[in-house]
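**Q** Supplied structure: protein.txt, compact mmCIF, C-alpha atoms and all ligand atoms.
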```
# COMPACT_ATOMS: atom_id res chain seq x y z
CA MET A 1 -0.23 -1.09 -47.78
CA SER A 2 -3.09 1.40 -48.09
CA ASN A 3 -2.61 5.00 -47.01
CA ALA A 4 -5.06 4.47 -44.17
CA LYS A 5 -2.97 1.57 -42.84
CA LYS A 6 0.22 3.65 -42.88
CA LYS A 7 -1.32 6.35 -40.67
CA LYS A 8 0.27 6.72 -37.23
CA ILE A 9 -1.83 6.87 -34.07
CA LYS A 10 -2.35 10.56 -33.44
CA ILE A 11 -4.78 10.64 -30.53
CA PRO A 12 -3.81 8.14 -27.80
CA TYR A 13 -6.41 6.88 -25.31
CA GLY A 14 -4.65 8.74 -22.51
CA ARG A 15 -1.65 10.93 -21.88
CA GLN A 16 -0.12 13.25 -19.33
CA TRP A 17 -0.34 17.03 -19.01
CA ILE A 18 3.04 18.52 -18.13
CA ASP A 19 3.51 22.28 -18.02
CA ASP A 20 6.29 24.74 -17.13
CA LYS A 21 5.34 24.72 -13.44
CA ASP A 22 5.89 20.95 -13.33
CA ILE A 23 9.25 21.30 -15.07
CA LYS A 24 10.27 24.06 -12.66
CA ALA A 25 9.31 21.93 -9.65
CA VAL A 26 11.37 18.98 -10.91
CA THR A 27 14.34 21.13 -11.89
CA LYS A 28 14.42 22.64 -8.41
CA VAL A 29 14.88 19.18 -6.90
CA LEU A 30 17.53 18.24 -9.47
CA LYS A 31 19.52 21.32 -8.48
CA GLY A 32 19.24 20.50 -4.78
CA GLY A 33 20.81 17.87 -2.56
CA TRP A 34 18.09 15.18 -2.31
CA LEU A 35 17.15 13.01 -5.23
CA THR A 36 15.52 10.20 -3.30
CA GLN A 37 13.97 10.09 0.18
CA GLY A 38 13.96 13.88 0.57
CA PRO A 39 11.39 16.28 2.01
CA ASN A 40 9.11 16.25 -1.03
CA ILE A 41 7.96 12.71 -0.34
CA GLU A 42 6.23 13.54 2.91
CA LYS A 43 4.90 16.80 1.48
CA PHE A 44 3.33 14.90 -1.43
CA GLU A 45 1.94 12.23 0.89
CA LYS A 46 0.36 14.85 3.14
CA ALA A 47 -1.10 16.76 0.19
CA VAL A 48 -2.74 13.65 -1.35
CA ALA A 49 -3.97 12.42 2.05
CA LYS A 50 -5.58 15.81 2.71
CA TYR A 51 -7.16 15.96 -0.74
CA CYS A 52 -8.65 12.47 -0.35
CA GLY A 53 -9.65 12.82 3.30
CA ALA A 54 -7.34 10.06 4.56
CA LYS A 55 -5.23 10.24 7.72
CA TYR A 56 -2.05 8.70 6.32
CA ALA A 57 -0.40 8.15 2.95
CA VAL A 58 2.68 6.21 1.88
CA ALA A 59 4.07 6.95 -1.58
CA VAL A 60 5.82 4.13 -3.42
CA SER A 61 7.36 3.43 -6.81
CA SER A 62 4.18 2.30 -8.63
CA GLY A 63 0.52 1.41 -8.19
CA THR A 64 1.59 -2.23 -8.42
CA ALA A 65 4.06 -1.74 -5.54
CA ALA A 66 1.28 -0.02 -3.59
CA LEU A 67 -1.05 -3.00 -4.12
CA HIS A 68 1.65 -5.49 -3.13
CA SER A 69 2.55 -3.48 -0.02
CA ALA A 70 -1.10 -3.15 1.05
CA TYR A 71 -1.72 -6.88 0.61
CA LYS A 72 1.43 -7.66 2.61
CA VAL A 73 0.58 -5.44 5.57
CA ALA A 74 -3.00 -6.74 5.50
CA GLY A 75 -1.43 -10.13 6.20
CA ILE A 76 -2.65 -11.72 2.96
CA GLU A 77 -0.70 -14.92 2.54
CA SER A 78 -0.65 -18.44 1.24
CA GLY A 79 -3.99 -20.22 1.71
CA ASP A 80 -6.04 -17.02 1.87
CA GLU A 81 -8.87 -16.21 -0.49
CA VAL A 82 -9.58 -12.68 -1.62
CA ILE A 83 -12.81 -11.61 -3.32
CA VAL A 84 -12.18 -9.44 -6.37
CA THR A 85 -13.57 -8.46 -9.77
CA PRO A 86 -12.24 -10.20 -12.88
CA LEU A 87 -12.53 -6.90 -14.78
CA THR A 88 -9.33 -5.14 -13.78
CA PHE A 89 -5.75 -4.62 -14.80
CA ALA A 90 -3.58 -7.65 -14.13
CA ALA A 91 -1.66 -5.97 -11.28
CA THR A 92 -4.69 -6.11 -8.94
CA CYS A 93 -4.64 -9.91 -8.94
CA ASN A 94 -1.04 -10.63 -9.90
CA MET A 95 -0.01 -9.08 -6.58
CA LEU A 96 -2.52 -11.28 -4.71
CA VAL A 97 -0.93 -14.27 -6.40
CA SER A 98 2.52 -12.97 -5.37
CA CYS A 99 1.31 -13.12 -1.76
CA GLY A 100 0.20 -16.74 -2.28
CA ALA A 101 -3.53 -15.94 -2.16
CA LYS A 102 -6.32 -17.13 -4.42
CA PRO A 103 -8.34 -14.46 -6.23
CA VAL A 104 -12.01 -15.46 -5.91
CA PHE A 105 -13.80 -13.66 -8.70
CA VAL A 106 -17.28 -12.18 -8.50
CA ASP A 107 -18.97 -11.04 -11.72
CA ILE A 108 -19.58 -7.38 -12.52
CA GLU A 109 -22.65 -5.15 -12.58
CA PRO A 110 -23.39 -4.57 -16.27
CA ASP A 111 -23.97 -0.84 -15.83
CA THR A 112 -21.17 0.39 -13.53
CA LEU A 113 -18.82 -2.44 -14.63
CA ASN A 114 -17.80 -2.74 -10.95
CA ILE A 115 -17.96 -5.84 -8.76
CA ASN A 116 -21.58 -6.85 -8.10
CA SER A 117 -21.92 -6.30 -4.36
CA GLU A 118 -25.07 -8.50 -4.26
CA GLU A 119 -22.94 -11.49 -5.25
CA ILE A 120 -20.01 -10.97 -2.86
CA GLU A 121 -21.42 -12.67 0.22
CA LYS A 122 -22.08 -15.95 -1.62
CA LYS A 123 -18.33 -16.28 -2.17
CA VAL A 124 -17.25 -15.73 1.44
CA THR A 125 -15.67 -18.82 3.04
CA GLY A 126 -13.63 -19.46 6.17
CA LYS A 127 -10.52 -18.67 4.12
CA THR A 128 -11.65 -15.25 2.90
CA LYS A 129 -9.39 -12.47 4.17
CA ALA A 130 -10.39 -9.42 2.19
CA ILE A 131 -12.49 -7.84 -0.52
CA VAL A 132 -10.51 -5.98 -3.16
CA THR A 133 -12.65 -3.45 -4.99
CA VAL A 134 -11.73 -1.71 -8.23
CA ASP A 135 -13.40 1.59 -9.12
CA PHE A 136 -13.53 0.74 -12.79
CA ALA A 137 -12.92 3.62 -15.23
CA GLY A 138 -13.16 6.02 -12.26
CA HIS A 139 -16.67 5.06 -11.08
CA PRO A 140 -16.70 4.20 -7.35
CA CYS A 141 -18.16 0.90 -6.20
CA ASP A 142 -21.22 0.85 -3.92
CA TYR A 143 -19.27 1.18 -0.66
CA ASP A 144 -22.22 1.27 1.77
CA LYS A 145 -23.14 -2.26 0.73
CA ILE A 146 -19.58 -3.52 0.51
CA LYS A 147 -18.69 -2.14 3.95
CA GLU A 148 -21.74 -3.81 5.45
CA ILE A 149 -20.66 -7.20 4.05
CA ALA A 150 -17.06 -6.67 5.18
CA LYS A 151 -18.14 -5.73 8.70
CA LYS A 152 -20.51 -8.67 9.03
CA ASN A 153 -17.87 -11.15 7.85
CA LYS A 154 -14.85 -9.43 9.48
CA LEU A 155 -13.10 -8.82 6.17
CA LEU A 156 -10.72 -6.06 5.17
CA ILE A 157 -11.53 -3.84 2.20
CA ILE A 158 -8.66 -2.85 -0.05
CA GLU A 159 -9.73 -0.43 -2.73
CA ASP A 160 -7.84 -0.33 -5.99
CA ALA A 161 -8.58 3.29 -6.85
CA CYS A 162 -5.90 3.50 -9.54
CA HIS A 163 -8.65 4.74 -11.91
CA ALA A 164 -10.40 6.91 -9.38
CA LEU A 165 -8.35 9.69 -7.78
CA GLY A 166 -10.83 12.51 -7.16
CA ALA A 167 -13.94 10.36 -7.65
CA GLU A 168 -16.75 10.72 -5.12
CA TYR A 169 -19.15 8.31 -3.46
CA ARG A 170 -22.17 9.94 -1.83
CA GLY A 171 -20.37 13.28 -1.82
CA LYS A 172 -17.15 11.99 -0.24
CA LYS A 173 -13.86 11.54 -2.05
CA VAL A 174 -12.39 8.12 -2.67
CA GLY A 175 -9.69 7.48 -0.07
CA SER A 176 -11.59 7.03 3.16
CA PHE A 177 -13.98 4.13 2.45
CA ALA A 178 -11.61 1.19 2.55
CA ASP A 179 -9.04 -0.02 5.09
CA MET A 180 -6.45 0.86 2.46
CA THR A 181 -6.87 2.70 -0.84
CA ILE A 182 -4.42 2.34 -3.72
CA LEU A 183 -3.50 5.02 -6.23
CA SER A 184 -1.34 5.01 -9.36
CA PHE A 185 0.49 7.98 -10.85
CA HIS A 186 1.24 6.43 -14.23
CA PRO A 187 1.12 9.06 -17.03
CA VAL A 188 -2.37 8.04 -18.21
CA LYS A 189 -3.81 8.55 -14.72
CA HIS A 190 -5.32 11.73 -13.24
CA ILE A 191 -1.99 13.08 -12.03
CA THR A 192 1.44 11.67 -12.80
CA THR A 193 4.85 11.23 -11.22
CA GLY A 194 6.19 9.32 -14.24
CA GLU A 195 5.80 6.04 -12.39
CA GLY A 196 4.46 6.05 -8.85
CA GLY A 197 1.77 4.90 -6.50
CA MET A 198 0.37 5.43 -3.02
CA VAL A 199 -1.45 3.66 -0.21
CA LEU A 200 -3.95 5.73 1.79
CA THR A 201 -5.16 4.55 5.18
CA ASP A 202 -6.60 5.75 8.48
CA ASN A 203 -4.92 2.87 10.28
CA LYS A 204 -1.69 3.86 12.09
CA GLU A 205 -0.46 0.28 12.32
CA PHE A 206 -0.80 -0.25 8.55
CA TYR A 207 0.87 3.12 7.98
CA ASP A 208 3.91 2.27 10.10
CA LYS A 209 4.26 -1.15 8.47
CA LEU A 210 3.93 0.26 4.96
CA LYS A 211 6.79 2.69 5.54
CA ILE A 212 9.06 -0.10 6.82
CA LEU A 213 8.12 -2.44 3.95
CA ARG A 214 8.90 0.28 1.38
CA ASN A 215 12.51 0.33 2.55
CA HIS A 216 13.61 -3.33 2.76
CA GLY A 217 11.96 -3.93 6.13
CA ILE A 218 14.59 -1.80 7.86
CA ILE A 219 13.73 -0.69 11.42
CA LYS A 220 16.22 1.82 12.77
CA LYS A 221 17.20 1.48 16.42
CA PRO A 222 19.53 4.41 17.17
CA GLU A 223 19.60 3.52 20.85
CA ASN A 224 21.98 0.72 19.77
CA GLY A 225 24.16 3.07 17.70
CA LYS A 226 23.41 5.55 14.95
CA TRP A 227 24.16 2.93 12.25
CA TYR A 228 22.05 0.22 13.84
CA TYR A 229 18.96 -1.31 12.29
CA GLU A 230 17.11 -4.59 12.40
CA ILE A 231 14.92 -6.47 9.97
CA GLU A 232 11.95 -8.32 11.41
CA ASN A 233 10.24 -8.94 8.08
CA PRO A 234 12.03 -8.56 4.75
CA GLY A 235 10.69 -5.71 2.62
CA TYR A 236 11.44 -4.25 -0.80
CA ASN A 237 12.92 -1.24 -2.45
CA TYR A 238 9.56 0.34 -3.29
CA ARG A 239 10.87 3.86 -2.66
CA ILE A 240 9.71 6.76 -4.80
CA THR A 241 12.09 9.65 -5.49
CA ASP A 242 12.01 13.24 -4.33
CA ILE A 243 12.03 14.26 -8.01
CA GLN A 244 8.80 12.33 -8.63
CA CYS A 245 7.14 13.72 -5.52
CA ALA A 246 7.95 17.30 -6.52
CA LEU A 247 6.22 16.58 -9.82
CA GLY A 248 3.32 14.97 -7.96
CA GLN A 249 2.75 18.04 -5.78
CA SER A 250 2.80 20.32 -8.79
CA GLN A 251 0.36 18.02 -10.62
CA LEU A 252 -1.99 17.80 -7.64
CA LYS A 253 -2.46 21.58 -7.74
CA LYS A 254 -4.11 21.11 -11.15
CA ILE A 255 -6.36 18.19 -10.30
CA SER A 256 -9.69 19.99 -10.19
CA GLY A 257 -9.10 21.34 -13.72
CA PHE A 258 -8.03 17.89 -14.90
CA LEU A 259 -11.15 16.27 -13.46
CA LYS A 260 -13.43 18.92 -14.90
CA ARG A 261 -11.97 18.57 -18.38
CA ARG A 262 -12.29 14.76 -18.21
CA ARG A 263 -15.95 15.11 -17.19
CA ASP A 264 -16.64 17.68 -19.91
CA ILE A 265 -15.18 15.38 -22.58
CA ALA A 266 -17.23 12.43 -21.28
CA MET A 267 -20.41 14.55 -21.43
CA ILE A 268 -19.62 15.60 -25.02
CA TYR A 269 -19.22 11.92 -25.95
CA ASN A 270 -22.46 11.05 -24.12
CA LYS A 271 -24.38 13.62 -26.12
CA ALA A 272 -22.77 12.72 -29.45
CA PHE A 273 -23.38 8.98 -29.14
CA LYS A 274 -26.65 8.84 -27.21
CA ASN A 275 -28.84 7.75 -30.13
CA ILE A 276 -26.50 5.19 -31.65
CA THR A 277 -28.07 1.79 -31.10
CA GLU A 278 -24.84 -0.10 -31.82
CA MET A 279 -23.16 1.55 -28.80
CA ILE A 280 -23.61 1.04 -25.05
CA LEU A 281 -22.24 4.05 -23.19
CA PRO A 282 -20.75 4.21 -19.69
CA THR A 283 -23.15 5.17 -16.91
CA GLU A 284 -22.82 7.18 -13.72
CA LYS A 285 -25.02 6.18 -10.77
CA GLU A 286 -26.80 8.79 -8.64
CA TYR A 287 -24.50 7.93 -5.69
CA ALA A 288 -21.31 8.48 -7.69
CA LYS A 289 -19.24 11.17 -9.27
CA SER A 290 -16.87 9.39 -11.61
CA ALA A 291 -13.31 10.57 -12.06
CA TRP A 292 -13.65 9.55 -15.76
CA HIS A 293 -10.29 7.85 -16.11
CA LEU A 294 -11.69 5.96 -19.11
CA TYR A 295 -14.62 6.26 -21.46
CA PRO A 296 -15.39 2.56 -22.00
CA ILE A 297 -18.00 1.93 -24.68
CA GLN A 298 -19.39 -1.40 -25.82
CA VAL A 299 -20.35 -2.04 -29.42
CA ARG A 300 -23.21 -4.47 -29.94
CA GLY A 301 -24.49 -6.45 -32.90
CA ILE A 302 -21.37 -5.52 -34.83
CA ASP A 303 -17.79 -6.78 -35.13
CA ARG A 304 -15.73 -5.09 -32.38
CA ARG A 305 -12.43 -6.11 -33.92
CA LYS A 306 -13.27 -4.43 -37.23
CA VAL A 307 -14.41 -1.21 -35.51
CA PHE A 308 -11.28 -1.23 -33.34
CA GLU A 309 -8.96 -1.73 -36.30
CA ARG A 310 -10.71 0.91 -38.38
CA LEU A 311 -10.32 3.44 -35.57
CA GLN A 312 -6.65 2.59 -35.07
CA GLU A 313 -6.06 2.96 -38.81
CA ASP A 314 -7.78 6.33 -38.61
CA GLY A 315 -5.34 7.52 -35.93
CA ILE A 316 -7.66 7.04 -32.95
CA GLY A 317 -5.79 5.22 -30.16
CA VAL A 318 -8.59 3.07 -28.82
CA GLN A 319 -7.73 0.40 -26.24
CA VAL A 320 -9.54 -2.50 -24.60
CA HIS A 321 -9.75 -2.36 -20.80
CA TYR A 322 -9.60 -5.30 -20.12
CA MET A 323 -9.78 -8.95 -21.05
CA PRO A 324 -11.25 -10.36 -17.80
CA LEU A 325 -8.55 -12.05 -15.75
CA HIS A 326 -10.26 -15.45 -15.61
CA LEU A 327 -9.72 -15.73 -19.38
CA HIS A 328 -5.91 -15.53 -19.05
CA PRO A 329 -4.06 -18.87 -19.28
CA PHE A 330 -2.33 -18.38 -15.91
CA TYR A 331 -5.59 -17.87 -13.99
CA GLN A 332 -7.21 -20.80 -15.81
CA LYS A 333 -4.42 -23.30 -15.22
CA THR A 334 -3.68 -22.18 -11.65
CA PHE A 335 -7.19 -21.72 -10.28
CA GLY A 336 -9.37 -23.69 -12.72
CA TYR A 337 -11.31 -20.71 -14.08
CA LYS A 338 -12.77 -21.09 -17.55
CA LYS A 339 -14.63 -19.21 -20.25
CA GLY A 340 -18.27 -18.80 -19.27
CA ASP A 341 -17.60 -18.42 -15.52
CA PHE A 342 -18.33 -14.67 -15.42
CA PRO A 343 -20.75 -13.99 -18.29
CA LYS A 344 -21.35 -10.32 -17.56
CA ALA A 345 -17.63 -9.47 -17.60
CA GLU A 346 -17.24 -11.53 -20.78
CA LYS A 347 -20.20 -9.84 -22.47
CA TYR A 348 -18.71 -6.46 -21.67
CA TYR A 349 -15.29 -7.55 -22.93
CA ASN A 350 -16.67 -8.83 -26.23
CA GLY A 351 -17.82 -5.34 -27.20
CA ALA A 352 -15.42 -3.22 -25.14
CA MET A 353 -13.34 -0.33 -26.33
CA SER A 354 -12.06 2.75 -24.51
CA LEU A 355 -12.12 6.00 -26.46
CA PRO A 356 -9.42 8.66 -25.99
CA LEU A 357 -9.99 10.70 -22.83
CA PHE A 358 -7.41 13.00 -21.28
CA PRO A 359 -7.44 16.68 -20.30
CA LYS A 360 -5.03 17.80 -23.01
CA MET A 361 -7.53 16.80 -25.72
CA VAL A 362 -8.71 19.91 -27.52
CA ASN A 363 -12.19 20.26 -29.00
CA LYS A 364 -10.84 19.41 -32.46
CA ASP A 365 -9.52 16.08 -31.11
CA ILE A 366 -12.89 15.28 -29.53
CA GLU A 367 -14.73 16.09 -32.73
CA ARG A 368 -12.30 13.93 -34.68
CA VAL A 369 -12.86 10.97 -32.36
CA ILE A 370 -16.64 11.36 -32.66
CA ARG A 371 -16.48 11.57 -36.45
CA SER A 372 -14.18 8.55 -36.69
CA VAL A 373 -16.31 6.43 -34.36
CA LYS A 374 -19.48 7.22 -36.33
CA MET A 375 -17.70 6.47 -39.61
CA ALA A 376 -16.20 3.22 -38.32
CA LEU A 377 -19.63 2.07 -37.18
CA ILE A 378 -21.26 2.93 -40.51
CA LYS A 379 -18.53 1.06 -42.41
CA THR A 380 -18.82 -1.98 -40.14
CA VAL A 381 -22.62 -2.36 -39.85
C1 LIG B 401 -6.83 -0.88 -11.88
C2 LIG B 401 -5.33 -0.78 -11.84
N1 LIG B 401 -4.67 -1.30 -10.81
C3 LIG B 401 -3.34 -1.24 -10.71
C4 LIG B 401 -2.57 -0.63 -11.68
C5 LIG B 401 -1.08 -0.62 -11.55
O1 LIG B 401 -0.55 0.67 -11.48
P1 LIG B 401 0.94 0.97 -11.95
O2 LIG B 401 0.95 0.97 -13.44
O3 LIG B 401 1.22 2.34 -11.38
O4 LIG B 401 1.81 -0.07 -11.38
C6 LIG B 401 -3.21 -0.05 -12.78
C7 LIG B 401 -2.42 0.60 -13.83
O5 LIG B 401 -2.79 0.77 -14.94
C8 LIG B 401 -4.63 -0.13 -12.87
O6 LIG B 401 -5.28 0.39 -13.92
```
Take the structure in the file and write it out as structure tokens.

**A**
Amino acid sequence: MSNAKKKKIKIPYGRQWIDDKDIKAVTKVLKGGWLTQGPNIEKFEKAVAKYCGAKYAVAVSSGTAALHSAYKVAGIESGDEVIVTPLTFAATCNMLVSCGAKPVFVDIEPDTLNINSEEIEKKVTGKTKAIVTVDFAGHPCDYDKIKEIAKKNKLLIIEDACHALGAEYRGKKVGSFADMTILSFHPVKHITTGEGGMVLTDNKEFYDKLKILRNHGIIKKPENGKWYYEIENPGYNYRITDIQCALGQSQLKKISGFLKRRRDIAMIYNKAFKNITEMILPTEKEYAKSAWHLYPIQVRGIDRRKVFERLQEDGIGVQVHYMPLHLHPFYQKTFGYKKGDFPKAEKYYNGAMSLPLFPKMVNKDIERVIRSVKMALIKTV
């Protein structure tokens, strides 16, 4: 094995930022009486809701649990169709399938990589229940258009904003555009709770249902005795812990610095790569302020696999976000999708690669990524 091949990945595509304040916040909870379902959960929910401009928030054990819960309280069930992008992490659609619904894919816009709002209405049928948007890489979708279509066709909007905490659309933060907005607090995201997720909503009925669903469907009725509860609809254990929510609050205090650093790194990449014809760089529309969760490039006229492997061998932890969902065997055999159905998403995927982007990257890391990318391209051309 060559020396290059033996090299370990030294710069991952994303990672958390944990400091002494975070550790102190967590330790305080560990020394106290509540590990789960304590006061930090509501405090974290209120803090995120306020930051995003939403009325209510329900914190759960993961972004996936948040998606599942939102779909459930939206009443998505067997026989329903839901319009969604094929360019997303599996959880967005796997949870629709768990509810018995059919994901009806709409191709992406080649520049923002988000669902093409012009194409949505053509896919609306009598079975359509909702539009699920994904703010890919942190860039918000075009919500004015999407809301207009949803209103006209009486559809719910559920926004998978797992990439987009802190992103803005026309000067307003993500969290108040959709009927429900989903966040993830996985370590590669903008703030972390280890694992964790949240549903934001302005709808009191959804809020109440989400809280019940998070805890097995239990509805307490103390008027029948202090022990007494009933279950009208079975729920799940999607609870998050007090420990996680203490960490979440501490992380949220740092979000503006995290977002700024992400943006600065993206701008350094933009400048470094702007004249390289073999690369297509991510864009930011005039209506959007991206939260820069990812820096997804596309290589063109050149073998992506070779570039990817060269970068990995060089210690640069590139990733591919994502193989479009209609190319996965499950979605093909279950719903009849096939290669060629969504050419724009496929074209993106064929050249796609996300470069490392996280606030803890120091300038030396950024320079190293830039050098390695340029070298990998030269060697591959
Ligand atoms: C777009 C998108 N949706 C949903 C999820 C699921 O979030 P979690 O990992 O917290 O379950 C992710 C996580 O990577 C994601 O990127």

**Q** Between A:Leu259, A:Ile366, A:Ile276, A:Ala91, which one has atoms that come closest to ligand LIG 401 (chain B), using all atoms listed in the file?

**A**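 Nearest to ligand LIG 401 (chain B): A:Ala91.
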
**Q** Can you work out which residues are within 10 Å of ligand LIG 401 (chain B), considering only C-alpha atoms and all ligand atoms, and then hand them over as a PyMOL selection string?

**A** chain A and resi 60-68+87-95+133-138+159-164+182-189+192-198+293-294+321-322

**Q** Produce a table with one row for each residue of stretch 244-292 of chain A that has an atom at most 12 Å from any atom of stretch 35-43 of chain A, each row naming the nearest atom pair and its distance in Å at one decimal; use all atoms listed in the file; arrange rows by chain and rising residue number; format as JSON lines.

**A**
```
{"residue": "A:Gln244", "atom": "CA", "partner": "A:Ile41", "partner_atom": "CA", "distance": 8.3}
{"residue": "A:Cys245", "atom": "CA", "partner": "A:Ile41", "partner_atom": "CA", "distance": 5.3}
{"residue": "A:Ala246", "atom": "CA", "partner": "A:Asn40", "partner_atom": "CA", "distance": 5.7}
{"residue": "A:Leu247", "atom": "CA", "partner": "A:Asn40", "partner_atom": "CA", "distance": 9.3}
{"residue": "A:Gly248", "atom": "CA", "partner": "A:Asn40", "partner_atom": "CA", "distance": 9.1}
{"residue": "A:Gln249", "atom": "CA", "partner": "A:Lys43", "partner_atom": "CA", "distance": 7.7}
{"residue": "A:Ser250", "atom": "CA", "partner": "A:Asn40", "partner_atom": "CA", "distance": 10.8}
{"residue": "A:Leu252", "atom": "CA", "partner": "A:Lys43", "partner_atom": "CA", "distance": 11.5}
```

**Q** Could you dump the residues just selected with C-alpha atoms as a short mmCIF file (atom, residue, chain, number, x, y, z; two decimals), in the coordinates of the input?

**A**
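Writing done, so here's out_1.cif:
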```cif
data_model
loop_
_atom_site.label_atom_id
_atom_site.label_comp_id
_atom_site.auth_asym_id
_atom_site.auth_seq_id
_atom_site.Cartn_x
_atom_site.Cartn_y
_atom_site.Cartn_z
CA GLN A 244 8.80 12.33 -8.63
CA CYS A 245 7.14 13.72 -5.52
CA ALA A 246 7.95 17.30 -6.52
CA LEU A 247 6.22 16.58 -9.82
CA GLY A 248 3.32 14.97 -7.96
CA GLN A 249 2.75 18.04 -5.78
CA SER A 250 2.80 20.32 -8.79
CA LEU A 252 -1.99 17.80 -7.64
#
```

**Q** Just want the 10 Å neighbourhood of A:Tyr269, counted on only C-alpha atoms, with same-chain residues fewer than 3 positions away dropped. Output as a ChimeraX atom specification.

**A** /A:263-266,272-274,281,295,355,357,366-367,369-370

**Q** From the options A:Ile115, A:Ile83, A:Met323, A:Ile316, which residue's atoms come nearest to A:Ala130, counting only C-alpha atoms?

**A** A:Ile83

**Q** Given 3 Å on each side, where is the centre and what are the edge lengths in Å to one decimal of the axis-aligned box enclosing the listed atoms of stretch 367-374 of chain A, as JSON?

**A**
```
{"center_x": -15.9, "center_y": 11.3, "center_z": -34.5, "size_x": 13.2, "size_y": 15.7, "size_z": 10.3}
```

**Q** Just the residues within 9 Å of A:Ile302, please, counting all atoms listed in the file, with nothing from its chain fewer than 5 positions along; format it as number ranges by chain.

**A** A: 278, 307, 351, 377, 380-381

**Q** Atom CA of A:Pro110 and atom CA of A:Ile11, how far apart in Å?

**A**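 Atom-to-atom, atom CA of A:Ile11 to atom CA of A:Pro110, that is 27.9 Å.
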
**Q** Select, from A:Phe206, A:Phe330, A:Phe258, A:Tyr143, the residue with the minimum atom-to-atom distance to A:Tyr287, counting all atoms listed in the file.

**A**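 Smallest separation from A:Tyr287 among the options: A:Tyr143.
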